[in-house]
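Some notes on the structure that comes next.
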Amino acid sequence: MEMHEVFFDLLRLSLGQDIKIDQGLAPEDWKALYELAEKHAVLGVCLAGLEAMDKQGLRPPQSLLLQWIGMSQQIEAKNKVVNEQCIALQDRLNNDGFRTCILKGQGNARMYGLLNPQLDLWRQSGDIDVWVEGGFEKIMRYMQHVSPTDEVNEQHVHFHVFEDTEVEVHFTPSRMANRVVDRRLQKWFVKEQERQMNHQVGFYGRKINVPTDDFNLVYQMIHIYRHLFNEGIGLRQLMDYYVLLKEAQLKADEKQYVIWEVKRFGMERFAKALMWMMGYVFHLPEDEMLWEQDEERGCFLLKEVIQMGNFGHSDDRYRLNVKDSHIKRYLQAIRSKTRFVKYYPTEALWQPVDMFLRFFELRMIRRKVKQIV
């Protein structure tokens, strides 16, 4: 944890906080910092922290610094491409008769730019997630006409429109394992769709549709919560939520709206754990938090995040073997969820049921796709 504490200081410096790092760092310490930044997909953002550390007389070995700068330049170049692709994608879908809203990704990067003008192009981008109005059948008929694919699940379909960037076209922004809560969630998305599809912001000289801040505070928590139970979650997603909390312009009634919806979706315990992490890792002041802190659940969450890395790529504890039978993988997956029962019992206990149901639902979805083709 000692190196993680230094890493957290580096993240705070990157986000513009005035942190003094007193201890000297050996070459192997700098290498460990680089590996942690790479593990959590925050190499680019951390370059801003390196610049702040340089002013304190702390500088990594020259070869590592050049490698770090080189990776950050690649991230910046990729962001410029993805920004243009977001605009082109939204224009294309609008011209083809679909209203859209860009989720997560570049919308999050835009928030970093509000915090620090350097950071919007240094946040590591991933794929493009776009919420498209119209429903499953209409969207799939369109997709099979312009870009035939069978890469589809219960919430999105892959749109092979760019060679170098994956695009996920969402029928719905997210799902929950708890089917009772999920029905509530899907109704909320339907109710919110009109407002989100019409929320435009400035985006590098253009306009783009992104979610409103109050919607995002609920939706991105759902995203983090869902990935915690499945692939895993890293510090990049937690940092996204910190930046959103810092930059969200919410009125009192909007704050109450966020608090109420999070409670309706059964995430109040998780929200309190997340606030503890926001305070411990990012030093978010208490008066900027929307929930009180839960240290016990927060410590559990922090341990999971440190272990998992970005989307669980560094977590080998419960990795499934694709060569195993469906039943064996199902039992392995259930075993991996048991650690969550103590802290989030309702969602954790629904996981086996959800996995069982989705096994059959995905086959029904693929059958529908074949019928459409």
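Every chain in the structure tokens takes a letter, A first, then B, and so on in the order presented; its residues are numbered from 1, and the ligands are numbered from 1 following the presented order.
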**Message:** Considering only alpha helix (DSSP H) as DSSP defines it on the backbone, what residues of region 180-353 of chain A qualify? List them as a PyMOL selection string.
**Reply:** chain A and resi 180-197+213-229+235-247+252-264+268-282+295-308+326-337+345-353
**Request:** Quick one: everything within 8 Å of region 46-61 of chain A, counting only C-alpha atoms, minus sequence neighbours fewer than 2 positions away in the same chain. Send it as a ChimeraX atom specification.
**Result:** /A:10-15,20-21,24-25,27,30,37,42-44,63-65,68-69,72,118-119
**Request:** Kindly indicate which residue among A:Ala271, A:Gly135, A:Val341, A:Gln196 lies nearest to Ile208 (chain A), using only C-alpha atoms for the distances.
**Result:**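 The closest residue to Ile208 (chain A) is A:Gln196.
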**Request:** Compare A:Leu36, A:Leu349, A:Ile372, A:Val167 by their minimum atom-to-atom distance to Cys86 (chain A), counting only C-alpha atoms, and give me the closest one.
**Result:** A:Val167
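Between CA of Gln293 (chain A) and CA of Met277 (chain A) the separation is 8.5 Å.
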With only C-alpha atoms counted and 12 Å as the cut-off, give the residues of region 144-180 of chain A in contact with region 77-82 of chain A, each with its shortest interatomic distance in Å and the pair that gives it, as CSV.
```
residue,atom,partner,partner_atom,distance
A:Phe162,CA,A:Val82,CA,9.7
A:Glu163,CA,A:Val82,CA,11.5
A:Asp164,CA,A:Val82,CA,9.2
A:Thr165,CA,A:Val82,CA,7.4
A:Glu166,CA,A:Val82,CA,10.0
A:Val167,CA,A:Val82,CA,10.4
```
How about saving the chosen residues, N, CA, C and O atoms kept, as an mmCIF file, in the first residue's frame?
```
data_model
loop_
_atom_site.group_PDB
_atom_site.id
_atom_site.type_symbol
_atom_site.label_atom_id
_atom_site.label_comp_id
_atom_site.auth_asym_id
_atom_site.auth_seq_id
_atom_site.Cartn_x
_atom_site.Cartn_y
_atom_site.Cartn_z
ATOM 1 N N PHE A 162 -16.036 2.467 -37.786
ATOM 2 C CA PHE A 162 -14.662 2.984 -37.812
ATOM 3 C C PHE A 162 -13.689 1.811 -37.678
ATOM 4 O O PHE A 162 -13.908 0.909 -36.876
ATOM 5 N N GLU A 163 -12.607 1.848 -38.431
ATOM 6 C CA GLU A 163 -11.642 0.752 -38.397
ATOM 7 C C GLU A 163 -10.878 0.694 -37.079
ATOM 8 O O GLU A 163 -10.526 -0.383 -36.608
ATOM 9 N N ASP A 164 -10.606 1.860 -36.472
ATOM 10 C CA ASP A 164 -9.698 1.916 -35.327
ATOM 11 C C ASP A 164 -10.391 2.174 -33.994
ATOM 12 O O ASP A 164 -9.732 2.291 -32.966
ATOM 13 N N THR A 165 -11.730 2.264 -33.977
ATOM 14 C CA THR A 165 -12.459 2.538 -32.736
ATOM 15 C C THR A 165 -13.740 1.709 -32.698
ATOM 16 O O THR A 165 -14.517 1.731 -33.651
ATOM 17 N N GLU A 166 -13.933 0.984 -31.599
ATOM 18 C CA GLU A 166 -15.169 0.223 -31.436
ATOM 19 C C GLU A 166 -16.314 1.161 -31.075
ATOM 20 O O GLU A 166 -16.130 2.110 -30.315
ATOM 21 N N VAL A 167 -17.479 0.883 -31.633
ATOM 22 C CA VAL A 167 -18.678 1.660 -31.331
ATOM 23 C C VAL A 167 -19.748 0.708 -30.830
ATOM 24 O O VAL A 167 -20.028 -0.316 -31.461
#
```
**Residues within 9 Å of region 355-357 of chain A, only C-alpha atoms, excluding chain neighbours under 3 positions, as a count of residues only** = 10
**Fill in**
One decimal place gives the CA of Asp29 (chain A)-CA of Gln62 (chain A) separation as 13.9 Å
